[in-house]
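Source file: data-v7.cif; contents: mmCIF, C-alpha atoms.
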```cif
data_protein
#
loop_
_atom_site.group_PDB
_atom_site.id
_atom_site.type_symbol
_atom_site.label_atom_id
_atom_site.label_comp_id
_atom_site.auth_asym_id
_atom_site.auth_seq_id
_atom_site.Cartn_x
_atom_site.Cartn_y
_atom_site.Cartn_z
ATOM 1 C CA MET A 3 -20.455 -1.054 -1.579
ATOM 2 C CA VAL A 4 -17.308 -2.359 0.161
ATOM 3 C CA SER A 5 -14.266 -0.221 -0.604
ATOM 4 C CA TYR A 6 -10.852 -1.239 -1.871
ATOM 5 C CA GLY A 7 -9.279 -0.274 1.466
ATOM 6 C CA VAL A 8 -11.515 -2.656 3.418
ATOM 7 C CA PHE A 9 -10.655 -5.533 1.104
ATOM 8 C CA LEU A 10 -6.945 -4.718 1.267
ATOM 9 C CA GLN A 11 -7.019 -4.719 5.070
ATOM 10 C CA ARG A 12 -8.751 -8.100 4.949
ATOM 11 C CA GLU A 13 -6.093 -9.529 2.616
ATOM 12 C CA LEU A 14 -3.251 -8.222 4.777
ATOM 13 C CA ARG A 15 -4.827 -9.742 7.890
ATOM 14 C CA LEU A 16 -5.105 -13.086 6.110
ATOM 15 C CA LEU A 17 -1.442 -12.870 5.096
ATOM 16 C CA ALA A 18 -0.500 -12.126 8.705
ATOM 17 C CA ARG A 19 -2.306 -15.293 9.811
ATOM 18 C CA GLN A 20 -1.089 -17.495 6.956
ATOM 19 C CA LYS A 21 2.591 -16.600 6.880
ATOM 20 C CA SER A 22 3.511 -19.524 4.633
ATOM 21 C CA ASP A 23 1.628 -17.880 1.750
ATOM 22 C CA TRP A 24 4.269 -15.153 1.496
ATOM 23 C CA LEU A 25 7.243 -16.729 3.260
ATOM 24 C CA ASN A 26 7.490 -19.758 0.958
ATOM 25 C CA PRO A 27 7.938 -17.754 -2.277
ATOM 26 C CA VAL A 28 10.537 -15.483 -0.672
ATOM 27 C CA LEU A 29 12.457 -18.417 0.783
ATOM 28 C CA PHE A 30 12.280 -20.225 -2.562
ATOM 29 C CA PHE A 31 13.747 -17.153 -4.290
ATOM 30 C CA ILE A 32 16.592 -16.962 -1.781
ATOM 31 C CA ILE A 33 17.325 -20.702 -1.923
ATOM 32 C CA VAL A 34 17.477 -20.784 -5.733
ATOM 33 C CA LEU A 35 19.794 -17.787 -5.904
ATOM 34 C CA THR A 36 21.987 -19.186 -3.121
ATOM 35 C CA LEU A 37 22.341 -22.672 -4.585
ATOM 36 C CA PHE A 38 22.983 -21.598 -8.158
ATOM 37 C CA PRO A 39 26.451 -20.073 -7.604
ATOM 38 C CA ILE A 40 27.369 -23.185 -5.617
ATOM 39 C CA GLY A 41 26.243 -25.425 -8.478
ATOM 40 C CA VAL A 42 27.928 -23.603 -11.381
ATOM 41 C CA GLY A 43 31.009 -22.434 -9.489
ATOM 42 C CA PRO A 44 32.166 -19.118 -8.043
ATOM 43 C CA GLU A 45 33.741 -17.714 -11.235
ATOM 44 C CA PRO A 46 32.716 -14.007 -11.137
ATOM 45 C CA ASN A 47 32.430 -13.343 -14.870
ATOM 46 C CA MET A 48 30.232 -16.378 -15.467
ATOM 47 C CA LEU A 49 27.940 -15.411 -12.603
ATOM 48 C CA ARG A 50 27.591 -11.845 -13.907
ATOM 49 C CA ILE A 51 26.661 -13.149 -17.374
ATOM 50 C CA MET A 52 24.080 -15.604 -16.069
ATOM 51 C CA ALA A 53 22.617 -13.378 -13.348
ATOM 52 C CA PRO A 54 19.864 -11.609 -15.386
ATOM 53 C CA GLY A 55 18.187 -14.792 -16.556
ATOM 54 C CA ILE A 56 18.595 -16.589 -13.234
ATOM 55 C CA VAL A 57 17.148 -13.717 -11.202
ATOM 56 C CA TRP A 58 14.077 -13.359 -13.369
ATOM 57 C CA ILE A 59 13.374 -17.069 -13.706
ATOM 58 C CA ALA A 60 13.641 -17.413 -9.913
ATOM 59 C CA ALA A 61 11.302 -14.436 -9.450
ATOM 60 C CA LEU A 62 8.784 -15.882 -11.904
ATOM 61 C CA LEU A 63 8.755 -19.299 -10.236
ATOM 62 C CA SER A 64 8.513 -17.707 -6.788
ATOM 63 C CA VAL A 65 5.399 -15.777 -7.741
ATOM 64 C CA LEU A 66 3.840 -18.834 -9.394
ATOM 65 C CA LEU A 67 4.481 -20.837 -6.221
ATOM 66 C CA ALA A 68 1.887 -18.800 -4.340
ATOM 67 C CA ALA A 69 -0.516 -18.244 -7.221
ATOM 68 C CA GLU A 70 -2.683 -21.360 -7.082
ATOM 69 C CA ARG A 71 -4.137 -20.621 -3.631
ATOM 70 C CA LEU A 72 -4.941 -16.947 -4.248
ATOM 71 C CA PHE A 73 -8.687 -17.487 -4.727
ATOM 72 C CA LYS A 74 -9.127 -21.075 -3.537
ATOM 73 C CA ASP A 75 -10.278 -20.359 0.017
ATOM 74 C CA ASP A 76 -12.603 -17.538 -1.043
ATOM 75 C CA TYR A 77 -14.072 -19.752 -3.755
ATOM 76 C CA ARG A 78 -14.676 -22.682 -1.415
ATOM 77 C CA ASN A 79 -16.155 -20.480 1.307
ATOM 78 C CA GLY A 80 -18.602 -18.839 -1.084
ATOM 79 C CA VAL A 81 -17.057 -15.366 -0.746
ATOM 80 C CA ILE A 82 -16.544 -14.943 -4.482
ATOM 81 C CA GLU A 83 -20.083 -16.125 -5.225
ATOM 82 C CA GLN A 84 -21.485 -13.501 -2.862
ATOM 83 C CA LEU A 85 -19.320 -10.766 -4.403
ATOM 84 C CA VAL A 86 -20.424 -11.718 -7.900
ATOM 85 C CA ALA A 87 -24.045 -11.644 -6.788
ATOM 86 C CA ALA A 88 -23.499 -8.177 -5.266
ATOM 87 C CA ARG A 89 -22.156 -6.972 -8.662
ATOM 88 C CA HIS A 90 -20.579 -3.791 -7.330
ATOM 89 C CA ALA A 91 -17.949 -5.281 -4.997
ATOM 90 C CA LEU A 92 -15.945 -7.592 -7.258
ATOM 91 C CA LEU A 93 -13.500 -5.100 -8.821
ATOM 92 C CA PRO A 94 -12.303 -3.618 -5.470
ATOM 93 C CA PHE A 95 -11.852 -7.188 -4.211
ATOM 94 C CA VAL A 96 -9.741 -8.091 -7.248
ATOM 95 C CA LEU A 97 -7.617 -4.935 -6.981
ATOM 96 C CA ALA A 98 -7.015 -5.628 -3.288
ATOM 97 C CA LYS A 99 -6.030 -9.219 -4.094
ATOM 98 C CA ILE A 100 -3.540 -7.994 -6.727
ATOM 99 C CA SER A 101 -2.095 -5.378 -4.365
ATOM 100 C CA ALA A 102 -1.721 -7.827 -1.486
ATOM 101 C CA ASN A 103 -0.105 -10.370 -3.785
ATOM 102 C CA TRP A 104 2.492 -7.843 -4.929
ATOM 103 C CA LEU A 105 3.163 -6.600 -1.396
ATOM 104 C CA SER A 106 3.708 -10.164 -0.163
ATOM 105 C CA THR A 107 5.692 -11.584 -3.100
ATOM 106 C CA GLY A 108 6.869 -8.844 -5.462
ATOM 107 C CA LEU A 109 8.056 -6.202 -3.013
ATOM 108 C CA PRO A 110 10.265 -8.620 -1.004
ATOM 109 C CA LEU A 111 12.027 -9.598 -4.234
ATOM 110 C CA VAL A 112 12.814 -5.935 -4.909
ATOM 111 C CA LEU A 113 14.140 -5.508 -1.382
ATOM 112 C CA LEU A 114 16.365 -8.573 -1.823
ATOM 113 C CA SER A 115 18.200 -6.989 -4.771
ATOM 114 C CA PRO A 116 21.354 -6.182 -2.732
ATOM 115 C CA LEU A 117 21.614 -9.839 -1.691
ATOM 116 C CA VAL A 118 21.383 -10.907 -5.328
ATOM 117 C CA ALA A 119 24.114 -8.426 -6.269
ATOM 118 C CA LEU A 120 26.348 -9.871 -3.557
ATOM 119 C CA LEU A 121 25.769 -13.481 -4.632
ATOM 120 C CA PHE A 122 26.384 -12.803 -8.323
ATOM 121 C CA ASN A 123 29.137 -10.212 -7.947
ATOM 122 C CA LEU A 124 27.129 -7.530 -9.745
ATOM 123 C CA GLU A 125 28.432 -3.995 -9.970
ATOM 124 C CA LEU A 126 26.380 -0.942 -8.998
ATOM 125 C CA PRO A 127 24.921 -0.190 -12.501
ATOM 126 C CA ALA A 128 23.698 -3.768 -12.858
ATOM 127 C CA LEU A 129 22.256 -3.670 -9.330
ATOM 128 C CA GLN A 130 20.372 -0.474 -10.118
ATOM 129 C CA ALA A 131 19.026 -1.950 -13.363
ATOM 130 C CA MET A 132 17.968 -5.141 -11.592
ATOM 131 C CA ALA A 133 16.156 -3.210 -8.862
ATOM 132 C CA LEU A 134 14.353 -1.065 -11.451
ATOM 133 C CA THR A 135 13.343 -4.047 -13.588
ATOM 134 C CA LEU A 136 12.061 -5.896 -10.522
ATOM 135 C CA LEU A 137 10.168 -2.807 -9.410
ATOM 136 C CA LEU A 138 8.500 -2.534 -12.822
ATOM 137 C CA GLY A 139 8.226 -6.223 -13.588
ATOM 138 C CA THR A 140 7.002 -7.792 -10.358
ATOM 139 C CA PRO A 141 3.595 -6.030 -10.608
ATOM 140 C CA VAL A 142 3.167 -7.731 -13.979
ATOM 141 C CA LEU A 143 4.103 -11.071 -12.422
ATOM 142 C CA SER A 144 1.450 -10.501 -9.752
ATOM 143 C CA LEU A 145 -1.183 -9.378 -12.237
ATOM 144 C CA LEU A 146 -0.702 -12.385 -14.486
ATOM 145 C CA SER A 147 -0.531 -14.843 -11.594
ATOM 146 C CA VAL A 148 -3.806 -13.463 -10.225
ATOM 147 C CA LEU A 149 -5.317 -13.836 -13.697
ATOM 148 C CA GLY A 150 -4.173 -17.441 -13.904
ATOM 149 C CA ALA A 151 -5.507 -18.146 -10.423
ATOM 150 C CA ALA A 152 -8.891 -16.695 -11.378
ATOM 151 C CA ILE A 153 -9.098 -18.782 -14.543
ATOM 152 C CA THR A 154 -8.242 -22.039 -12.746
ATOM 153 C CA VAL A 155 -10.008 -21.354 -9.432
ATOM 154 C CA SER A 156 -12.651 -24.034 -9.963
ATOM 155 C CA ALA A 157 -10.118 -26.706 -10.977
ATOM 156 C CA ASP A 158 -9.236 -29.222 -8.271
ATOM 157 C CA LYS A 159 -5.547 -29.292 -9.210
ATOM 158 C CA GLY A 160 -4.988 -26.169 -11.238
ATOM 159 C CA GLY A 161 -1.277 -25.621 -10.588
ATOM 160 C CA ILE A 162 0.000 -27.179 -13.807
ATOM 161 C CA LEU A 163 -2.831 -25.661 -15.853
ATOM 162 C CA LEU A 164 -2.091 -22.246 -14.342
ATOM 163 C CA ALA A 165 1.584 -22.524 -15.293
ATOM 164 C CA LEU A 166 0.753 -23.595 -18.845
ATOM 165 C CA LEU A 167 -1.632 -20.678 -19.283
ATOM 166 C CA ILE A 168 0.512 -17.950 -17.749
ATOM 167 C CA LEU A 169 4.132 -18.838 -18.553
ATOM 168 C CA PRO A 170 3.905 -17.820 -22.257
ATOM 169 C CA LEU A 171 2.639 -14.379 -21.186
ATOM 170 C CA TYR A 172 5.760 -13.870 -19.074
ATOM 171 C CA ILE A 173 8.152 -14.240 -22.024
ATOM 172 C CA PRO A 174 8.216 -10.554 -23.174
ATOM 173 C CA LEU A 175 8.775 -9.454 -19.591
ATOM 174 C CA LEU A 176 11.677 -11.881 -19.156
ATOM 175 C CA ILE A 177 13.275 -10.801 -22.422
ATOM 176 C CA PHE A 178 13.276 -7.058 -21.783
ATOM 177 C CA ALA A 179 14.057 -7.272 -18.049
ATOM 178 C CA SER A 180 17.039 -9.547 -18.637
ATOM 179 C CA ALA A 181 18.193 -7.378 -21.533
ATOM 180 C CA ALA A 182 18.127 -4.273 -19.316
ATOM 181 C CA ILE A 183 20.294 -5.890 -16.629
ATOM 182 C CA GLU A 184 22.695 -7.262 -19.227
ATOM 183 C CA ALA A 185 23.020 -3.863 -20.916
ATOM 184 C CA ALA A 186 23.697 -2.175 -17.568
ATOM 185 C CA SER A 187 26.398 -4.703 -16.704
ATOM 186 C CA MET A 188 28.102 -3.877 -20.018
ATOM 187 C CA GLY A 189 27.886 -0.133 -19.422
ATOM 188 C CA LEU A 190 25.230 0.417 -22.100
ATOM 189 C CA ALA A 191 22.027 2.446 -21.914
ATOM 190 C CA TYR A 192 18.926 0.505 -20.952
ATOM 191 C CA GLN A 193 16.247 3.219 -20.841
ATOM 192 C CA GLY A 194 14.549 1.685 -23.877
ATOM 193 C CA GLN A 195 14.028 -1.625 -22.104
ATOM 194 C CA LEU A 196 12.686 0.176 -19.030
ATOM 195 C CA ALA A 197 10.239 2.123 -21.211
ATOM 196 C CA ILE A 198 8.949 -1.125 -22.703
ATOM 197 C CA LEU A 199 8.588 -2.639 -19.213
ATOM 198 C CA LEU A 200 6.627 0.428 -18.110
ATOM 199 C CA ALA A 201 4.355 0.057 -21.153
ATOM 200 C CA ILE A 202 3.786 -3.609 -20.280
ATOM 201 C CA VAL A 203 2.885 -2.657 -16.698
ATOM 202 C CA LEU A 204 0.376 -0.011 -17.798
ATOM 203 C CA PHE A 205 -1.144 -2.334 -20.404
ATOM 204 C CA ALA A 206 -1.518 -5.109 -17.826
ATOM 205 C CA LEU A 207 -2.995 -2.730 -15.235
ATOM 206 C CA ALA A 208 -5.577 -1.568 -17.750
ATOM 207 C CA LEU A 209 -6.740 -5.014 -18.870
ATOM 208 C CA VAL A 210 -5.956 -7.702 -16.298
ATOM 209 C CA PRO A 211 -8.255 -6.615 -13.405
ATOM 210 C CA MET A 212 -11.302 -6.647 -15.675
ATOM 211 C CA ALA A 213 -10.224 -9.992 -17.124
ATOM 212 C CA VAL A 214 -9.905 -11.400 -13.584
ATOM 213 C CA CYS A 215 -13.429 -10.202 -12.751
ATOM 214 C CA SER A 216 -14.784 -11.874 -15.874
ATOM 215 C CA ALA A 217 -12.952 -15.124 -15.110
ATOM 216 C CA LEU A 218 -14.334 -15.225 -11.557
ATOM 217 C CA LYS A 219 -17.874 -14.582 -12.815
ATOM 218 C CA ILE A 220 -17.559 -17.431 -15.318
ATOM 219 C CA ASN A 221 -16.273 -19.822 -12.668
ATOM 220 C CA VAL A 222 -19.168 -19.192 -10.268
ATOM 221 C CA SER A 223 -21.905 -19.090 -12.893
#
```
Encoding of this model in structure tokens:
Amino acid sequence: MVSYGVFLQRELRLLARQKSDWLNPVLFFIIVLTLFPIGVGPEPNMLRIMAPGIVWIAALLSVLLAAERLFKDDYRNGVIEQLVAARHALLPFVLAKISANWLSTGLPLVLLSPLVALLFNLELPALQAMALTLLLGTPVLSLLSVLGAAITVSADKGGILLALLILPLYIPLLIFASAAIEAASMGLAYQGQLAILLAIVLFALALVPMAVCSALKINVS
């Protein structure tokens, strides 16, 4: 049985060779956040009010940008079919794919939090809340994008279908993450929103990997 560590090393090597798979989402995130203040104007109060929604919508779209190709190459090369036939190796492969996706798309967004604070004139409490919500929320973005990629892996052009399937599942995450940043910017407590985000993460971690395995098995059967 191939271990999770072996699969994760494989995914990281692939990311090192195919830099566009993780650079494009990060650059898209930066471009959106850079152009938005230019488009709406530099008024500080307006930017602070709009920042929570803008940041999370940009993060969501950035993760979706890289989602369609997550399983495409492995599906076309017969890797997934072999893993399904082996029966014991599919779950470590899926967990490694989720981990690599978060490391390449979610973690950079967390690290870019100070840049976002600078662009939108956020104060320290709002910056801390944004970093925490991104740290808790980006794993959910990765989990759901991997799920969507697994469901649509056999479709020739599954990008639009993936978005239609996954975007409604992002709504609770967007609501509570934006609410936490907004509450922090107003000097209010936001521990309740963080607790709900943590519950969403744990719920997704418990269910999504098995759902991804089932979707891949259905697509190769």
What separates atom CA of Leu35 of chain A and atom CA of Phe73 of chain A is a distance of 28.5 Å
Measuring atom to atom with all atoms listed in the file, identify which of A:Leu190, A:Ala181, A:Glu125, A:Val222 is nearest to Ile153 of chain A.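 Distance minimum relative to Ile153 of chain A lands on A:Val222.
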Given the file above and the PyMOL selection byres ((chain A and resi 180) around 12), which residues are selected, and can you give them as a PyMOL selection string? chain A and resi 50-59+61+128+131-136+139+173-179+181-187+192+195-196+199
When you draw a straight line from atom CA of Lys74 of chain A to atom CA of Leu29 of chain A, how long is it in Å?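 Pair atom CA of Lys74 of chain A / atom CA of Leu29 of chain A returns 22.2 Å.
Atom pair atom CA of Ile40 of chain A / atom CA of Val65 of chain A has a distance of 23.3 Å (rounded to one decimal).
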Proximity to Glu70 of chain A - best of A:Leu146, A:Ala119, A:Val86, A:Val34, all atoms listed in the file: A:Leu146
If the PyMOL selection byres ((chain A and resi 9) around 12) is run on the structure shown, which residues does it catch, given as a PyMOL selection string? chain A and resi 3-8+10-16+81+85+91-102
Using 8 Å of padding on each side, determine the axis-aligned box around all atoms of segment 143-150 of chain A present in the file and give its centre and edge lengths in Å to one decimal, as JSON.
```
{"center_x": -0.6, "center_y": -13.4, "center_z": -12.1, "size_x": 25.4, "size_y": 24.1, "size_z": 20.7}
```
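Taking only C-alpha atoms into account, Arg78 of chain A lies nearest to A:Val155 out of the set A:Leu49, A:Trp24, A:Phe122, A:Val155.
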Which residue of A:Val28, A:Val42, A:Ile198, A:Leu111 approaches Leu67 of chain A most closely, using only C-alpha atoms: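 Closest residue, counting only C-alpha atoms: A:Val28.
In terms of minimum interatomic distance to Val142 of chain A, A:Ala201 ranks closest within A:Ala165, A:Leu37, A:Ala201, A:Leu218, counting only C-alpha atoms.
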Let me make sure I understand: among A:Gln84, A:Thr140, A:Ser147, A:Ser106, which one has the smallest atom-to-atom distance to Leu200 of chain A if we use only C-alpha atoms?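 Closest to Leu200 of chain A, using only C-alpha atoms: A:Thr140.
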Is it possible to get the residues within 12 Å of (6.8, -17.3, -1.6) (coordinates as in the file, counting all atoms listed in the file) written as JSON, numbers by chain? {"A": [17, 20, 21, 22, 23, 24, 25, 26, 27, 28, 29, 30, 31, 32, 33, 34, 60, 61, 62, 63, 64, 65, 66, 67, 68, 69, 70, 71, 103, 104, 105, 106, 107, 108, 109, 110, 111, 144]}
